[in-house]
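K.L.:
start_16.txt (compact mmCIF, N, CA and C atoms) pasted underneath:
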# COMPACT_ATOMS: atom_id res chain seq x y z
N MET A 124 72.74 108.18 120.48
CA MET A 124 72.54 108.86 119.24
C MET A 124 72.83 110.34 119.40
N LYS A 125 73.74 110.84 118.59
CA LYS A 125 74.08 112.26 118.62
C LYS A 125 73.22 112.98 117.59
N MET A 126 72.24 113.71 118.06
CA MET A 126 71.38 114.46 117.16
C MET A 126 71.48 115.94 117.52
N LYS A 127 71.63 116.74 116.50
CA LYS A 127 71.83 118.16 116.69
C LYS A 127 70.67 118.92 116.07
N ARG A 128 70.19 119.95 116.73
CA ARG A 128 69.11 120.78 116.19
C ARG A 128 69.72 121.80 115.25
N VAL A 129 69.16 121.90 114.04
CA VAL A 129 69.67 122.83 113.03
C VAL A 129 68.50 123.49 112.31
N LYS A 130 68.82 124.60 111.63
CA LYS A 130 67.83 125.26 110.79
C LYS A 130 68.00 124.73 109.38
N CYS A 131 66.97 124.12 108.83
CA CYS A 131 67.02 123.49 107.50
C CYS A 131 66.80 124.52 106.40
N LYS A 132 66.92 124.07 105.15
CA LYS A 132 66.77 124.94 103.97
C LYS A 132 65.43 125.66 103.94
N SER A 133 64.38 124.97 104.39
CA SER A 133 63.04 125.56 104.36
C SER A 133 62.83 126.59 105.46
N GLY A 134 63.77 126.69 106.40
CA GLY A 134 63.64 127.61 107.52
C GLY A 134 63.09 126.96 108.77
N ILE A 135 62.67 125.72 108.64
CA ILE A 135 62.13 124.97 109.79
C ILE A 135 63.29 124.40 110.60
N THR A 136 63.12 124.37 111.92
CA THR A 136 64.12 123.73 112.77
C THR A 136 64.02 122.22 112.58
N GLY A 137 65.16 121.60 112.30
CA GLY A 137 65.20 120.16 112.06
C GLY A 137 66.30 119.49 112.85
N THR A 138 66.66 118.32 112.41
CA THR A 138 67.66 117.50 113.09
C THR A 138 68.79 117.15 112.14
N GLN A 139 70.00 117.03 112.69
CA GLN A 139 71.17 116.62 111.93
C GLN A 139 71.86 115.50 112.69
N CYS A 140 72.16 114.40 111.99
CA CYS A 140 72.82 113.26 112.62
C CYS A 140 73.38 112.34 111.53
N ARG A 141 74.07 111.31 111.94
CA ARG A 141 74.55 110.29 111.01
C ARG A 141 73.37 109.41 110.60
N LEU A 142 73.43 108.92 109.38
CA LEU A 142 72.35 108.09 108.83
C LEU A 142 72.05 106.90 109.73
N GLN A 143 73.07 106.18 110.15
CA GLN A 143 72.86 104.97 110.95
C GLN A 143 72.35 105.28 112.36
N ASP A 144 72.56 106.53 112.84
CA ASP A 144 72.01 106.91 114.14
C ASP A 144 70.51 107.18 114.05
N ASN A 145 70.04 107.45 112.85
CA ASN A 145 68.64 107.82 112.66
C ASN A 145 67.72 106.61 112.47
N TYR A 146 68.29 105.48 112.10
CA TYR A 146 67.49 104.27 111.85
C TYR A 146 67.96 103.15 112.78
N ASP A 147 67.01 102.34 113.24
CA ASP A 147 67.34 101.26 114.18
C ASP A 147 68.18 100.16 113.56
N SER A 148 67.95 99.89 112.27
CA SER A 148 68.67 98.81 111.60
C SER A 148 68.72 99.08 110.10
N PHE A 149 69.52 98.29 109.42
CA PHE A 149 69.59 98.40 107.96
C PHE A 149 68.25 98.10 107.33
N GLU A 150 67.50 97.17 107.89
CA GLU A 150 66.20 96.79 107.34
C GLU A 150 65.22 97.98 107.38
N ASP A 151 65.25 98.74 108.50
CA ASP A 151 64.40 99.94 108.59
C ASP A 151 64.79 100.95 107.52
N TRP A 152 66.10 101.20 107.40
CA TRP A 152 66.59 102.14 106.39
C TRP A 152 66.21 101.66 104.99
N GLU A 153 66.38 100.38 104.75
CA GLU A 153 66.08 99.83 103.43
C GLU A 153 64.59 100.01 103.08
N HIS A 154 63.74 99.80 104.06
CA HIS A 154 62.30 99.95 103.85
C HIS A 154 61.97 101.40 103.44
N TYR A 155 62.42 102.37 104.23
CA TYR A 155 62.11 103.77 103.95
C TYR A 155 62.80 104.26 102.68
N ALA A 156 64.04 103.81 102.46
CA ALA A 156 64.77 104.23 101.25
C ALA A 156 64.08 103.71 100.00
N THR A 157 63.57 102.48 100.06
CA THR A 157 62.86 101.91 98.91
C THR A 157 61.54 102.65 98.67
N LEU A 158 60.86 102.96 99.75
CA LEU A 158 59.56 103.60 99.66
C LEU A 158 59.65 105.05 99.14
N TYR A 159 60.64 105.80 99.66
CA TYR A 159 60.74 107.24 99.36
C TYR A 159 61.98 107.63 98.53
N ASN A 160 62.75 106.65 98.07
CA ASN A 160 64.00 106.92 97.33
C ASN A 160 64.93 107.86 98.09
N LEU A 161 65.09 107.60 99.37
CA LEU A 161 65.92 108.47 100.21
C LEU A 161 67.39 108.44 99.81
N HIS A 162 67.87 107.28 99.37
CA HIS A 162 69.28 107.18 98.97
C HIS A 162 69.58 108.09 97.79
N LEU A 163 68.62 108.32 96.92
CA LEU A 163 68.82 109.22 95.78
C LEU A 163 68.88 110.68 96.23
N ARG A 164 68.12 111.01 97.26
CA ARG A 164 68.19 112.37 97.81
C ARG A 164 69.55 112.65 98.46
N LEU A 165 70.20 111.58 98.88
CA LEU A 165 71.53 111.72 99.50
C LEU A 165 72.66 111.55 98.48
N ASP A 166 72.33 111.48 97.20
CA ASP A 166 73.30 111.35 96.10
C ASP A 166 74.03 110.01 96.09
N PHE A 167 73.30 108.93 96.42
CA PHE A 167 73.86 107.59 96.34
C PHE A 167 73.06 106.77 95.34
N HIS A 168 73.74 105.90 94.62
CA HIS A 168 73.06 105.07 93.63
C HIS A 168 72.37 103.87 94.27
N THR A 169 72.94 103.38 95.37
CA THR A 169 72.38 102.19 96.01
C THR A 169 72.04 102.46 97.48
N ILE A 170 71.09 101.70 97.97
CA ILE A 170 70.69 101.82 99.37
C ILE A 170 71.82 101.37 100.28
N LYS A 171 72.48 100.27 99.93
CA LYS A 171 73.59 99.74 100.72
C LYS A 171 74.77 100.71 100.73
N GLY A 172 75.03 101.35 99.59
CA GLY A 172 76.13 102.32 99.50
C GLY A 172 75.93 103.49 100.45
N ALA A 173 74.70 103.97 100.55
CA ALA A 173 74.40 105.06 101.48
C ALA A 173 74.57 104.60 102.92
N TRP A 174 74.10 103.40 103.21
CA TRP A 174 74.21 102.87 104.57
C TRP A 174 75.67 102.70 104.98
N ASP A 175 76.48 102.15 104.08
CA ASP A 175 77.90 101.92 104.39
C ASP A 175 78.67 103.24 104.54
N ALA A 176 78.33 104.24 103.73
CA ALA A 176 79.02 105.53 103.82
C ALA A 176 78.64 106.29 105.09
N ASN A 177 77.43 106.04 105.61
CA ASN A 177 76.95 106.66 106.84
C ASN A 177 77.14 108.18 106.84
N PRO A 178 76.55 108.88 105.84
CA PRO A 178 76.75 110.32 105.77
C PRO A 178 75.98 111.07 106.86
N ILE A 179 76.33 112.31 107.06
CA ILE A 179 75.57 113.17 107.97
C ILE A 179 74.35 113.65 107.19
N ILE A 180 73.18 113.48 107.80
CA ILE A 180 71.95 113.88 107.13
C ILE A 180 71.25 114.97 107.94
N GLN A 181 70.36 115.67 107.26
CA GLN A 181 69.59 116.74 107.87
C GLN A 181 68.14 116.56 107.43
N TYR A 182 67.20 116.72 108.33
CA TYR A 182 65.80 116.54 107.97
C TYR A 182 64.90 117.30 108.94
N SER A 183 63.67 117.53 108.50
CA SER A 183 62.65 118.16 109.34
C SER A 183 61.30 117.54 108.98
N VAL A 184 60.22 118.17 109.40
CA VAL A 184 58.89 117.68 109.05
C VAL A 184 58.58 117.92 107.58
N ASN A 185 59.34 118.79 106.94
CA ASN A 185 59.19 119.06 105.51
C ASN A 185 60.05 118.05 104.74
N PRO A 186 59.47 117.19 103.91
CA PRO A 186 60.25 116.17 103.20
C PRO A 186 61.36 116.73 102.31
N SER A 187 61.21 117.96 101.82
CA SER A 187 62.25 118.54 100.95
C SER A 187 63.53 118.87 101.72
N ASP A 188 63.46 118.89 103.04
CA ASP A 188 64.65 119.17 103.86
C ASP A 188 65.57 117.97 104.03
N TYR A 189 65.12 116.78 103.64
CA TYR A 189 65.94 115.57 103.80
C TYR A 189 67.11 115.65 102.82
N CYS A 190 68.32 115.82 103.35
CA CYS A 190 69.50 115.97 102.49
C CYS A 190 70.76 115.53 103.21
N ARG A 191 71.83 115.46 102.44
CA ARG A 191 73.15 115.11 102.95
C ARG A 191 73.89 116.40 103.29
N VAL A 192 74.64 116.39 104.39
CA VAL A 192 75.41 117.56 104.81
C VAL A 192 76.87 117.33 104.47
N PHE A 193 77.45 118.27 103.76
CA PHE A 193 78.86 118.18 103.40
C PHE A 193 79.67 119.06 104.34
N ILE A 194 80.69 118.47 104.95
CA ILE A 194 81.56 119.20 105.88
C ILE A 194 82.82 119.57 105.12
N PRO A 195 83.20 120.85 105.14
CA PRO A 195 84.41 121.25 104.42
C PRO A 195 85.65 120.62 105.04
N PRO A 196 86.68 120.39 104.22
CA PRO A 196 87.90 119.79 104.76
C PRO A 196 88.61 120.73 105.73
N ILE A 197 89.44 120.15 106.57
CA ILE A 197 90.19 120.92 107.56
C ILE A 197 91.23 121.78 106.83
N LYS A 198 91.29 123.06 107.19
CA LYS A 198 92.30 123.95 106.61
C LYS A 198 93.40 124.15 107.65
N LEU A 199 94.62 123.81 107.27
CA LEU A 199 95.76 123.95 108.16
C LEU A 199 96.57 125.17 107.76
N SER A 200 97.18 125.80 108.74
CA SER A 200 98.06 126.93 108.45
C SER A 200 99.33 126.42 107.77
N VAL A 201 100.04 127.31 107.10
CA VAL A 201 101.29 126.94 106.42
C VAL A 201 102.29 126.41 107.44
N LYS A 202 102.35 127.04 108.59
CA LYS A 202 103.27 126.62 109.65
C LYS A 202 102.96 125.17 110.08
N ARG A 203 101.67 124.85 110.25
CA ARG A 203 101.27 123.51 110.67
C ARG A 203 101.59 122.49 109.58
N LYS A 204 101.37 122.86 108.30
CA LYS A 204 101.68 121.96 107.19
C LYS A 204 103.17 121.65 107.14
N VAL A 205 104.01 122.67 107.31
CA VAL A 205 105.46 122.47 107.30
C VAL A 205 105.86 121.54 108.44
N TYR A 206 105.28 121.75 109.62
CA TYR A 206 105.57 120.89 110.76
C TYR A 206 105.18 119.44 110.47
N LEU A 207 103.99 119.23 109.92
CA LEU A 207 103.53 117.87 109.61
C LEU A 207 104.42 117.21 108.57
N ILE A 208 104.86 117.96 107.58
CA ILE A 208 105.74 117.39 106.56
C ILE A 208 107.06 116.97 107.18
N LYS A 209 107.62 117.81 108.03
CA LYS A 209 108.89 117.47 108.69
C LYS A 209 108.73 116.23 109.56
N MET A 210 107.65 116.16 110.32
CA MET A 210 107.44 115.01 111.20
C MET A 210 107.16 113.75 110.38
N ALA A 211 106.47 113.90 109.27
CA ALA A 211 106.20 112.74 108.41
C ALA A 211 107.49 112.21 107.81
N ARG A 212 108.37 113.12 107.40
CA ARG A 212 109.66 112.69 106.85
C ARG A 212 110.48 111.97 107.91
N ALA A 213 110.44 112.49 109.14
CA ALA A 213 111.18 111.85 110.23
C ALA A 213 110.61 110.46 110.51
N ALA A 214 109.31 110.34 110.52
CA ALA A 214 108.67 109.04 110.75
C ALA A 214 108.97 108.09 109.61
N SER A 215 108.99 108.63 108.38
CA SER A 215 109.30 107.81 107.21
C SER A 215 110.74 107.30 107.29
N HIS A 216 111.65 108.18 107.70
CA HIS A 216 113.06 107.80 107.85
C HIS A 216 113.19 106.72 108.92
N GLN A 217 112.48 106.88 110.04
CA GLN A 217 112.52 105.89 111.12
C GLN A 217 111.98 104.55 110.63
N ALA A 218 110.91 104.58 109.83
CA ALA A 218 110.33 103.33 109.31
C ALA A 218 111.31 102.64 108.37
N SER A 219 112.05 103.41 107.56
CA SER A 219 113.00 102.79 106.64
C SER A 219 114.19 102.20 107.41
N ILE A 220 114.57 102.84 108.53
CA ILE A 220 115.64 102.29 109.38
C ILE A 220 115.18 100.97 109.99
N GLU A 221 113.93 100.94 110.48
CA GLU A 221 113.39 99.72 111.07
C GLU A 221 113.32 98.61 110.02
N LYS A 222 112.96 98.97 108.82
CA LYS A 222 112.89 97.98 107.75
C LYS A 222 114.27 97.38 107.48
N ALA A 223 115.27 98.24 107.45
CA ALA A 223 116.63 97.76 107.20
C ALA A 223 117.13 96.90 108.37
N GLU A 224 116.85 97.34 109.61
CA GLU A 224 117.33 96.63 110.78
C GLU A 224 116.62 95.30 111.00
N TYR A 225 115.31 95.31 110.86
CA TYR A 225 114.53 94.13 111.22
C TYR A 225 114.06 93.32 110.02
N GLY A 226 114.30 93.83 108.81
CA GLY A 226 113.89 93.12 107.62
C GLY A 226 112.38 92.98 107.51
N GLN A 227 111.66 93.92 108.12
CA GLN A 227 110.20 93.86 108.06
C GLN A 227 109.73 94.20 106.66
N ASP A 228 108.64 93.62 106.29
CA ASP A 228 108.07 93.85 104.97
C ASP A 228 107.13 95.04 105.06
N MET A 229 107.69 96.25 105.15
CA MET A 229 106.86 97.44 105.27
C MET A 229 107.39 98.53 104.35
N LEU A 230 106.50 99.38 103.91
CA LEU A 230 106.91 100.50 103.06
C LEU A 230 107.50 101.60 103.92
N SER A 231 108.45 102.35 103.37
CA SER A 231 109.06 103.42 104.14
C SER A 231 108.07 104.55 104.40
N LEU A 232 107.07 104.72 103.58
CA LEU A 232 106.10 105.79 103.79
C LEU A 232 104.98 105.38 104.74
N LYS A 233 104.91 104.10 105.06
CA LYS A 233 103.84 103.63 105.95
C LYS A 233 103.94 104.32 107.31
N GLY A 234 105.12 104.46 107.83
CA GLY A 234 105.32 105.12 109.12
C GLY A 234 104.91 106.58 109.06
N ALA A 235 105.20 107.24 107.95
CA ALA A 235 104.83 108.64 107.80
C ALA A 235 103.31 108.80 107.76
N LYS A 236 102.67 107.95 107.02
CA LYS A 236 101.21 108.01 106.90
C LYS A 236 100.55 107.77 108.25
N GLU A 237 101.03 106.76 108.97
CA GLU A 237 100.47 106.45 110.29
C GLU A 237 100.69 107.61 111.25
N PHE A 238 101.87 108.24 111.18
CA PHE A 238 102.16 109.36 112.07
C PHE A 238 101.20 110.51 111.82
N VAL A 239 101.02 110.86 110.55
CA VAL A 239 100.15 111.99 110.22
C VAL A 239 98.71 111.70 110.62
N GLU A 240 98.22 110.48 110.36
CA GLU A 240 96.86 110.13 110.75
C GLU A 240 96.69 110.19 112.27
N LYS A 241 97.68 109.68 112.99
CA LYS A 241 97.62 109.70 114.45
C LYS A 241 97.66 111.13 114.97
N TYR A 242 98.53 111.96 114.37
CA TYR A 242 98.67 113.35 114.80
C TYR A 242 97.36 114.11 114.58
N LEU A 243 96.76 113.93 113.41
CA LEU A 243 95.51 114.64 113.11
C LEU A 243 94.38 114.17 114.01
N LYS A 244 94.36 112.88 114.35
CA LYS A 244 93.31 112.35 115.22
C LYS A 244 93.47 112.88 116.64
N GLU A 245 94.72 112.94 117.13
CA GLU A 245 94.96 113.39 118.50
C GLU A 245 94.80 114.89 118.66
N ASN A 246 95.11 115.65 117.62
CA ASN A 246 95.06 117.10 117.69
C ASN A 246 93.95 117.61 116.77
N GLU A 247 92.75 117.66 117.30
CA GLU A 247 91.63 118.10 116.48
C GLU A 247 91.78 119.59 116.20
N PHE A 248 91.60 119.94 114.96
CA PHE A 248 91.72 121.32 114.53
C PHE A 248 90.33 121.90 114.30
N PRO A 249 90.14 123.18 114.58
CA PRO A 249 88.83 123.78 114.32
C PRO A 249 88.57 123.82 112.81
N ARG A 250 87.36 123.58 112.44
CA ARG A 250 87.00 123.61 111.02
C ARG A 250 86.86 125.05 110.58
N ALA A 251 87.34 125.30 109.35
CA ALA A 251 87.29 126.67 108.82
C ALA A 251 85.90 127.02 108.36
Take the structure from the file and write it as C-alpha cells.
P.N.:
Amino acid sequence: MKMKRVKCKSGITGTQCRLQDNYDSFEDWEHYATLYNLHLRLDFHTIKGAWDANPIIQYSVNPSDYCRVFIPPIKLSVKRKVYLIKMARAASHQASIEKAEYGQDMLSLKGAKEFVEKYLKENEFPRA
C-alpha cells in the first residue's frame, strides 16, 4: 500500500492513497460508504462507481478532510508536442502500410495511438 503523508484542508497531517489501497475489500468499502456516504464525498453517485474508478483520496482524523484528490494533467512543451505528433504520424503511416501488406483488420490510427500511449508511459514527465 502506497500511502503518503499530506497536510489536509483542516491543517491536520493526514494520509493520501488510492481508494482500494485504503480498504481490504469491496465489502469493507461498501460497509463504510453506506454508513457514512463516503462515495458522495468523493463526487460519485454509486458505491461501485467509486470503487471501480479507484480515485486518490485524502483523509485525516477530521471527517471533513475525507475527499478526492484531483491531479492536473501533464503539460508538455510545444517542442515535445510537435515531436509526438510527428512520431504518431510515422507510426500511423507504418500501421497503414502493414494493413495494406498483411490485410490486417486494423485502423491506420491504431498504431499512432499505441505509440503515443507507449511513449508517454515509458517517458514520465514531471507534473506542472
K.L.:
Please determine, counting all atoms listed in the file, which residue among A:Ile170, A:Met210, A:Ile197, A:Val192 has the shortest atom-to-atom distance to Trp152 in chain A.
P.N.:
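Between A:Ile170, A:Met210, A:Ile197, A:Val192, the residue approaching Trp152 in chain A most closely is A:Ile170.
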K.L.:
Using DSSP secondary structure from the backbone, list all helix (DSSP H, G or I) positions within range 143-217 of chain A, as number ranges by chain.
P.N.:
A: 143-145, 149-159, 161-164, 170-176, 186-188, 201-217
K.L.:
What is the distance between atom C of Arg164 in chain A and atom N of Leu199 in chain A, in Å to one decimal?
P.N.:
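We find that atom C of Arg164 in chain A and atom N of Leu199 in chain A lie 28.8 Å from each other.
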K.L.:
Out of A:Phe193, A:Trp174, A:Tyr159, A:Phe167, which residue has the shortest atom-to-atom distance to Tyr146 in chain A when counting only C-alpha atoms?
P.N.:
A:Trp174
K.L.:
Please return, as a ChimeraX atom specification, all polymer residues that have at least one atom within 8 Å of the point (72.8, 116.6, 116.0); use only C-alpha atoms and the file's own coordinate frame.
P.N.:
/A:125-129,138-140
